[in-house]
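Worksheet for the structure shown next.
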Amino acid sequence: MYIQEISIDIKTKVDKDELIDEFGLLMSFYRGSGQTQGKIESQYIENDKIVCLPFTLEKTSLDKKFNNYYVNRQAKKVEELCNSRLIFKTVGKSYDSYKAPCNCKKSDFYILITNYITIQSPLTCGTCNKSVPLYRLPQYYDYGYMPILSWETNYISCDSLQMNCEVGERWALNQMQEITSQLSKQGLEICRKIEELTSIPTYYYLHNYKKFKGDQLTRLCPSCGKKWDLKTQLHNLYDFKCDKCKIVSTISPNS
Ligand SMILES: [Zn+2]
Ligand SMILES: [Zn+2]
């Protein structure tokens, strides 16, 4: 993950609170366009300069060519309020389990997957198992990717509940592991749309913490009821893959 610095000198008498709001909006548009990762970046104002330090998947994620309509419009507004230009600088790379994003010419398939702790893209490449920056996809909805990020937030909320154990654990776990849950439905719909936009098969990762007596690999696909165990584990992670229903899953650690 890269840490970028976006800053601007304030050369007008603009109200600082108003500017912070407008700058915050710019940052949320960067997120919606898939250019920044995670939701909260350090942001501060020092003397007459506003500075923000977002994470990005690639060094070039903030290139203008990835900007969408909203990013461009808001960047212009902030520049006008400050009467100066936004300045972009790469501060460095985070050392924490840094993995470069997918660089495949063409992925064989994608997987929609996230968890409570990651700020990687919710889309991974089935060929190399690395993160796929959302801005590489055709625009999903309203110039950006908000519906995908909304599923991501919902999933992370459920995963946080089941990790914390005390509130809604069972409910959240079922949202994550039942193919018919609202969360899975939302995710599967996104997979179908990504597939339609990219012509790349897109699989949904179904969490599995179910109890099962006997050989887990004899479990059947929860959607079509057919065999779906993989002969060899995929990416040291996935044990199940149904090519008809486009779902992947893992052996349950709970048995
Ligand atoms: Zn790849
Ligand atoms: Zn199936």
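To be explicit about the labels: the chains of the structure tokens are called A, B, and onward in the order shown, and within each one the residues are counted from 1, while ligands get numbers from 1 in the order they are shown.
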Contacts of ligand 1, 10 Å or closer, only C-alpha atoms and all ligand atoms, given as a VMD selection string: chain A and resid 101 to 110 124 to 132
task: Using only C-alpha atoms and all ligand atoms, find each residue with an atom at most 10 Å away from ligand 2 and format the answer as a PyMOL selection string.
output: chain A and resi 220-228+240-248
Restrict the selected residues to N, CA, C and O atoms and save them as a compact mmCIF listing (two decimals), in the first residue's frame.
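As a result, out.txt now contains:
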# COMPACT_ATOMS: atom_id res chain seq x y z
N LEU A 220 -21.66 -30.26 -0.26
CA LEU A 220 -22.08 -29.89 -1.61
C LEU A 220 -22.32 -28.38 -1.70
O LEU A 220 -22.49 -27.71 -0.68
N CYS A 221 -22.32 -27.89 -2.90
CA CYS A 221 -22.56 -26.45 -3.13
C CYS A 221 -23.91 -26.06 -2.52
O CYS A 221 -24.93 -26.69 -2.81
N PRO A 222 -23.94 -25.02 -1.67
CA PRO A 222 -25.18 -24.66 -1.00
C PRO A 222 -26.22 -24.06 -1.95
O PRO A 222 -27.38 -23.90 -1.59
N SER A 223 -25.80 -23.78 -3.16
CA SER A 223 -26.75 -23.18 -4.09
C SER A 223 -27.35 -24.21 -5.04
O SER A 223 -28.56 -24.31 -5.18
N CYS A 224 -26.50 -25.05 -5.68
CA CYS A 224 -27.03 -26.01 -6.66
C CYS A 224 -27.02 -27.44 -6.15
O CYS A 224 -27.57 -28.33 -6.79
N GLY A 225 -26.38 -27.67 -4.99
CA GLY A 225 -26.38 -29.01 -4.41
C GLY A 225 -25.45 -30.01 -5.11
O GLY A 225 -25.54 -31.21 -4.89
N LYS A 226 -24.57 -29.52 -5.98
CA LYS A 226 -23.64 -30.41 -6.67
C LYS A 226 -22.27 -30.41 -5.96
O LYS A 226 -21.99 -29.55 -5.13
N LYS A 227 -21.42 -31.36 -6.36
CA LYS A 227 -20.06 -31.41 -5.81
C LYS A 227 -19.28 -30.16 -6.22
O LYS A 227 -19.40 -29.71 -7.35
N TRP A 228 -18.54 -29.59 -5.30
CA TRP A 228 -17.81 -28.37 -5.66
C TRP A 228 -16.42 -28.31 -5.01
O TRP A 228 -15.76 -27.28 -5.04
N PHE A 240 -13.36 -24.92 -1.99
CA PHE A 240 -14.57 -25.17 -2.76
C PHE A 240 -14.74 -24.09 -3.83
O PHE A 240 -14.43 -22.92 -3.60
N LYS A 241 -15.25 -24.54 -5.00
CA LYS A 241 -15.49 -23.58 -6.08
C LYS A 241 -16.57 -24.16 -6.97
O LYS A 241 -16.39 -25.25 -7.53
N CYS A 242 -17.68 -23.48 -7.09
CA CYS A 242 -18.73 -23.94 -7.99
C CYS A 242 -18.74 -23.03 -9.21
O CYS A 242 -19.02 -21.84 -9.10
N ASP A 243 -18.43 -23.62 -10.37
CA ASP A 243 -18.34 -22.82 -11.59
C ASP A 243 -19.72 -22.49 -12.16
O ASP A 243 -19.83 -21.59 -12.99
N LYS A 244 -20.72 -23.19 -11.69
CA LYS A 244 -22.08 -22.90 -12.16
C LYS A 244 -22.64 -21.71 -11.35
O LYS A 244 -23.11 -20.74 -11.92
N CYS A 245 -22.51 -21.80 -10.04
CA CYS A 245 -23.08 -20.76 -9.18
C CYS A 245 -22.09 -19.62 -8.92
O CYS A 245 -22.46 -18.60 -8.34
N LYS A 246 -20.84 -19.79 -9.35
CA LYS A 246 -19.79 -18.79 -9.16
C LYS A 246 -19.64 -18.40 -7.68
O LYS A 246 -19.79 -17.23 -7.30
N ILE A 247 -19.39 -19.43 -6.86
CA ILE A 247 -19.11 -19.20 -5.44
C ILE A 247 -17.82 -19.95 -5.09
O ILE A 247 -17.57 -21.04 -5.62
N VAL A 248 -17.03 -19.36 -4.22
CA VAL A 248 -15.87 -20.05 -3.66
C VAL A 248 -16.02 -20.05 -2.13
O VAL A 248 -16.69 -19.18 -1.57
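In this model, the gap between atom CA of Asn83 of chain A and atom CA of Lys16 of chain A comes to 13.6 Å.
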- request: Provide the atom CA of Arg73 of chain A to atom CA of Leu25 of chain A distance in Å, to one decimal place.
  value: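 Between atom CA of Arg73 of chain A and atom CA of Leu25 of chain A the gap is 10.9 Å.
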message: To one decimal place in Å, what is the distance between atom CA of Glu80 of chain A and atom CA of Ser61 of chain A?
response: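 Between atom CA of Glu80 of chain A and atom CA of Ser61 of chain A the gap works out to 23.4 Å.
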For segment 101-138 of chain A against segment 163-186 of chain A, with a cut-off of 12 Å and counting only C-alpha atoms, what is the closest atom pair and its distance in Å to one decimal for every residue that makes the cut, ordered by chain and number, as CSV?
residue,atom,partner,partner_atom,distance
A:Leu112,CA,A:Ser184,CA,10.6
A:Ile113,CA,A:Met176,CA,10.8
A:Thr114,CA,A:Met176,CA,10.9
A:Asn115,CA,A:Met163,CA,10.3
A:Tyr116,CA,A:Met163,CA,8.3
A:Ile117,CA,A:Met163,CA,10.4
Restricted to all heavy atoms, what would the selected residues look like written as a PDB file, in the first residue's frame?
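Now in out23.pdb:
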ATOM      1  N   LEU A 112     -14.961 -11.625  -5.249  1.00  0.00           N
ATOM      2  CA  LEU A 112     -15.385 -10.541  -4.354  1.00  0.00           C
ATOM      3  C   LEU A 112     -15.178 -11.038  -2.922  1.00  0.00           C
ATOM      4  O   LEU A 112     -15.834 -11.985  -2.497  1.00  0.00           O
ATOM      5  CB  LEU A 112     -16.859 -10.205  -4.609  1.00  0.00           C
ATOM      6  CG  LEU A 112     -17.400  -8.959  -3.898  1.00  0.00           C
ATOM      7  CD1 LEU A 112     -16.793  -7.685  -4.486  1.00  0.00           C
ATOM      8  CD2 LEU A 112     -18.926  -8.896  -3.994  1.00  0.00           C
ATOM      9  N   ILE A 113     -14.252 -10.434  -2.217  1.00  0.00           N
ATOM     10  CA  ILE A 113     -13.917 -10.902  -0.869  1.00  0.00           C
ATOM     11  C   ILE A 113     -13.317  -9.763  -0.054  1.00  0.00           C
ATOM     12  O   ILE A 113     -12.572  -8.918  -0.581  1.00  0.00           O
ATOM     13  CB  ILE A 113     -12.915 -12.096  -0.929  1.00  0.00           C
ATOM     14  CG1 ILE A 113     -12.558 -12.605   0.485  1.00  0.00           C
ATOM     15  CG2 ILE A 113     -11.663 -11.767  -1.723  1.00  0.00           C
ATOM     16  CD1 ILE A 113     -11.751 -13.897   0.499  1.00  0.00           C
ATOM     17  N   THR A 114     -13.662  -9.707   1.204  1.00  0.00           N
ATOM     18  CA  THR A 114     -13.022  -8.749   2.101  1.00  0.00           C
ATOM     19  C   THR A 114     -13.053  -9.324   3.513  1.00  0.00           C
ATOM     20  O   THR A 114     -13.483 -10.453   3.716  1.00  0.00           O
ATOM     21  CB  THR A 114     -13.699  -7.356   2.020  1.00  0.00           C
ATOM     22  OG1 THR A 114     -12.922  -6.424   2.768  1.00  0.00           O
ATOM     23  CG2 THR A 114     -15.120  -7.365   2.589  1.00  0.00           C
ATOM     24  N   ASN A 115     -12.590  -8.589   4.488  1.00  0.00           N
ATOM     25  CA  ASN A 115     -12.703  -9.007   5.889  1.00  0.00           C
ATOM     26  C   ASN A 115     -12.604  -7.766   6.772  1.00  0.00           C
ATOM     27  O   ASN A 115     -12.367  -6.665   6.283  1.00  0.00           O
ATOM     28  CB  ASN A 115     -11.627 -10.041   6.255  1.00  0.00           C
ATOM     29  CG  ASN A 115     -10.230  -9.478   6.135  1.00  0.00           C
ATOM     30  OD1 ASN A 115      -9.879  -8.514   6.825  1.00  0.00           O
ATOM     31  ND2 ASN A 115      -9.418 -10.040   5.245  1.00  0.00           N
ATOM     32  N   TYR A 116     -12.807  -7.960   8.083  1.00  0.00           N
ATOM     33  CA  TYR A 116     -12.973  -6.816   8.981  1.00  0.00           C
ATOM     34  C   TYR A 116     -11.733  -5.941   9.096  1.00  0.00           C
ATOM     35  O   TYR A 116     -11.800  -4.823   9.578  1.00  0.00           O
ATOM     36  CB  TYR A 116     -13.419  -7.285  10.366  1.00  0.00           C
ATOM     37  CG  TYR A 116     -12.331  -7.900  11.220  1.00  0.00           C
ATOM     38  CD1 TYR A 116     -11.806  -7.221  12.309  1.00  0.00           C
ATOM     39  CD2 TYR A 116     -11.837  -9.154  10.930  1.00  0.00           C
ATOM     40  CE1 TYR A 116     -10.802  -7.780  13.082  1.00  0.00           C
ATOM     41  CE2 TYR A 116     -10.826  -9.714  11.696  1.00  0.00           C
ATOM     42  CZ  TYR A 116     -10.312  -9.025  12.764  1.00  0.00           C
ATOM     43  OH  TYR A 116      -9.311  -9.572  13.511  1.00  0.00           O
ATOM     44  N   ILE A 117     -10.589  -6.437   8.666  1.00  0.00           N
ATOM     45  CA  ILE A 117      -9.353  -5.724   8.954  1.00  0.00           C
ATOM     46  C   ILE A 117      -8.663  -5.123   7.727  1.00  0.00           C
ATOM     47  O   ILE A 117      -7.864  -4.196   7.834  1.00  0.00           O
ATOM     48  CB  ILE A 117      -8.407  -6.679   9.729  1.00  0.00           C
ATOM     49  CG1 ILE A 117      -7.541  -5.903  10.701  1.00  0.00           C
ATOM     50  CG2 ILE A 117      -7.604  -7.560   8.803  1.00  0.00           C
ATOM     51  CD1 ILE A 117      -7.047  -6.787  11.821  1.00  0.00           C
TER      52      ILE A 117
END
- request: Give the strand (DSSP E or B) residues of segment 18-196 of chain A, as assigned by DSSP on the backbone, as a VMD selection string.
  value: chain A and resid 37 to 46 49 to 56 87 to 93 110 to 112 123 to 125 131 141 144
File dump, residues just selected, N, CA, C and O atoms, as a compact mmCIF listing (two decimals), in the first residue's frame:
# COMPACT_ATOMS: atom_id res chain seq x y z
N GLN A 37 -7.86 3.86 -0.56
CA GLN A 37 -8.29 2.68 0.19
C GLN A 37 -8.59 3.04 1.64
O GLN A 37 -7.93 3.90 2.22
N GLY A 38 -9.54 2.32 2.22
CA GLY A 38 -9.89 2.59 3.61
C GLY A 38 -10.72 3.85 3.67
O GLY A 38 -10.90 4.55 2.66
N LYS A 39 -11.23 4.16 4.84
CA LYS A 39 -12.16 5.28 4.89
C LYS A 39 -11.59 6.49 5.59
O LYS A 39 -12.05 7.59 5.43
N ILE A 40 -10.62 6.26 6.47
CA ILE A 40 -10.16 7.37 7.27
C ILE A 40 -8.69 7.61 7.01
O ILE A 40 -7.86 6.72 7.19
N GLU A 41 -8.37 8.79 6.54
CA GLU A 41 -6.97 9.13 6.31
C GLU A 41 -6.61 10.27 7.24
O GLU A 41 -7.48 11.01 7.68
N SER A 42 -5.33 10.38 7.56
CA SER A 42 -4.90 11.52 8.38
C SER A 42 -5.14 12.79 7.59
O SER A 42 -4.80 12.86 6.41
N GLN A 43 -5.69 13.77 8.24
CA GLN A 43 -5.94 15.02 7.55
C GLN A 43 -5.70 16.14 8.56
O GLN A 43 -6.17 16.05 9.68
N TYR A 44 -4.95 17.12 8.18
CA TYR A 44 -4.71 18.21 9.12
C TYR A 44 -4.49 19.52 8.39
O TYR A 44 -4.21 19.56 7.19
N ILE A 45 -4.61 20.57 9.18
CA ILE A 45 -4.40 21.89 8.61
C ILE A 45 -3.26 22.52 9.40
O ILE A 45 -3.21 22.41 10.63
N GLU A 46 -2.31 23.06 8.69
CA GLU A 46 -1.14 23.60 9.37
C GLU A 46 -0.80 24.93 8.72
O GLU A 46 -0.63 24.97 7.49
N LYS A 49 -2.06 25.65 5.12
CA LYS A 49 -1.95 24.51 4.22
C LYS A 49 -2.81 23.37 4.77
O LYS A 49 -2.82 23.12 5.97
N ILE A 50 -3.54 22.74 3.88
CA ILE A 50 -4.32 21.57 4.30
C ILE A 50 -3.65 20.34 3.69
O ILE A 50 -3.22 20.35 2.54
N VAL A 51 -3.50 19.31 4.51
CA VAL A 51 -2.75 18.12 4.09
C VAL A 51 -3.57 16.87 4.40
O VAL A 51 -4.20 16.78 5.45
N CYS A 52 -3.52 15.91 3.50
CA CYS A 52 -4.22 14.65 3.74
C CYS A 52 -3.33 13.49 3.27
O CYS A 52 -2.61 13.62 2.28
N LEU A 53 -3.35 12.38 4.03
CA LEU A 53 -2.47 11.25 3.72
C LEU A 53 -3.26 9.97 3.47
O LEU A 53 -3.38 9.13 4.36
N PRO A 54 -3.80 9.80 2.28
CA PRO A 54 -4.57 8.58 2.02
C PRO A 54 -3.69 7.39 1.58
O PRO A 54 -2.55 7.59 1.13
N PHE A 55 -4.22 6.19 1.73
CA PHE A 55 -3.58 4.98 1.21
C PHE A 55 -4.05 4.73 -0.22
O PHE A 55 -5.23 4.95 -0.52
N THR A 56 -3.14 4.24 -1.06
CA THR A 56 -3.56 3.82 -2.40
C THR A 56 -2.90 2.48 -2.75
O THR A 56 -1.87 2.12 -2.17
N ILE A 87 -1.50 19.66 -4.65
CA ILE A 87 -0.17 19.09 -4.87
C ILE A 87 -0.18 17.62 -4.43
O ILE A 87 -0.69 17.28 -3.36
N PHE A 88 0.36 16.77 -5.28
CA PHE A 88 0.36 15.33 -5.01
C PHE A 88 1.80 14.84 -4.84
O PHE A 88 2.67 15.19 -5.62
N LYS A 89 2.00 14.02 -3.81
CA LYS A 89 3.34 13.51 -3.55
C LYS A 89 3.21 12.11 -2.96
O LYS A 89 2.31 11.87 -2.15
N THR A 90 4.09 11.20 -3.36
CA THR A 90 4.07 9.88 -2.72
C THR A 90 5.00 9.93 -1.52
O THR A 90 6.19 10.24 -1.65
N VAL A 91 4.45 9.65 -0.34
CA VAL A 91 5.25 9.72 0.89
C VAL A 91 6.07 8.44 1.06
O VAL A 91 7.22 8.45 1.45
N GLY A 92 5.46 7.30 0.80
CA GLY A 92 6.17 6.03 0.93
C GLY A 92 5.23 4.85 0.81
O GLY A 92 4.07 5.00 0.45
N LYS A 93 5.79 3.68 1.14
CA LYS A 93 5.02 2.45 1.09
C LYS A 93 4.82 1.99 2.52
O LYS A 93 5.73 2.13 3.34
N TYR A 110 -12.47 -13.18 -11.27
CA TYR A 110 -12.34 -12.31 -10.09
C TYR A 110 -13.04 -12.96 -8.91
O TYR A 110 -13.94 -13.79 -9.08
N ILE A 111 -12.67 -12.52 -7.69
CA ILE A 111 -13.37 -12.96 -6.48
C ILE A 111 -13.71 -11.71 -5.66
O ILE A 111 -12.86 -10.86 -5.43
N LEU A 112 -14.96 -11.63 -5.25
CA LEU A 112 -15.39 -10.54 -4.35
C LEU A 112 -15.18 -11.04 -2.92
O LEU A 112 -15.83 -11.99 -2.50
N LEU A 123 -12.11 -6.60 -4.47
CA LEU A 123 -12.06 -7.49 -5.63
C LEU A 123 -10.64 -8.04 -5.77
O LEU A 123 -9.68 -7.27 -5.81
N THR A 124 -10.50 -9.39 -5.80
CA THR A 124 -9.17 -9.96 -6.03
C THR A 124 -9.18 -10.71 -7.35
O THR A 124 -10.22 -11.10 -7.86
N CYS A 125 -7.98 -10.90 -7.87
CA CYS A 125 -7.81 -11.59 -9.13
C CYS A 125 -7.71 -13.09 -8.85
O CYS A 125 -6.92 -13.52 -8.01
N SER A 131 -4.99 -7.98 -5.15
CA SER A 131 -6.04 -6.96 -5.19
C SER A 131 -6.19 -6.35 -6.59
O SER A 131 -5.20 -6.09 -7.27
N TYR A 141 -21.36 2.51 -11.41
CA TYR A 141 -22.62 3.21 -11.19
C TYR A 141 -22.31 4.67 -10.88
O TYR A 141 -21.43 4.93 -10.06
N GLY A 144 -18.76 5.88 -10.53
CA GLY A 144 -17.83 5.27 -9.58
C GLY A 144 -18.22 3.87 -9.17
O GLY A 144 -18.83 3.13 -9.95
message: Among segment 172-224 of chain A, which ones does DSSP assign to helix (DSSP H, G or I) (computed from the backbone)? Answer as number ranges by chain.
response: A: 172-177, 182-198, 216-218
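With only C-alpha atoms as the atoms that count, the minimum distance from Ser252 of chain A to the choices A:Gly24, A:Pro147, A:Gly214, A:Gly32 is reached by A:Gly214.
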message: Show me, as number ranges by chain, the residues that have an atom within 9 Å of Tyr30 of chain A when counting only C-alpha atoms, minus same-chain residues fewer than 5 positions from it.
response: A: 25, 35-37, 62, 67-68, 70-71
Based on the selection just made, write C-alpha atoms of those residues as a CSV table (one decimal), in the first residue's frame.
chain,number,residue,atom,x,y,z
A,25,LEU,CA,-15.8,15.6,0.3
A,35,GLN,CA,-8.5,5.6,-6.1
A,36,THR,CA,-8.0,5.5,-2.3
A,37,GLN,CA,-8.3,2.7,0.2
A,62,LEU,CA,-4.2,9.3,-7.9
A,67,ASN,CA,-10.4,10.7,-11.8
A,68,ASN,CA,-14.1,10.6,-12.4
A,70,TYR,CA,-17.0,14.0,-9.1
A,71,VAL,CA,-13.3,14.0,-8.3
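Considering the residues A:Gln4, A:Ser249, A:Thr232, A:Ser150 and counting only C-alpha atoms, Lys59 of chain A has its shortest atom-to-atom contact with A:Gln4.
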message: Given only C-alpha atoms as the basis, pick out the residue of A:Pro133, A:Tyr2, A:Ile251, A:Tyr209 nearest to Gln162 of chain A.
response: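 Using only C-alpha atoms, the shortest distance to Gln162 of chain A belongs to A:Tyr209.
Counting only C-alpha atoms, the residue from A:Ala75, A:Leu197, A:Ile190, A:Met1 that sits nearest to Leu19 of chain A is A:Ala75.
Of the listed residues A:Thr202, A:Ser84, A:Thr153, A:Asn254, the one whose atoms come nearest to Gln216 of chain A is A:Asn254, with distances taken using only C-alpha atoms.
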query: When distances are computed from only C-alpha atoms, which of A:Leu81, A:Cys158, A:Ala100, A:Ile3 shows the smallest separation from Ile20 of chain A?
result: A:Leu81
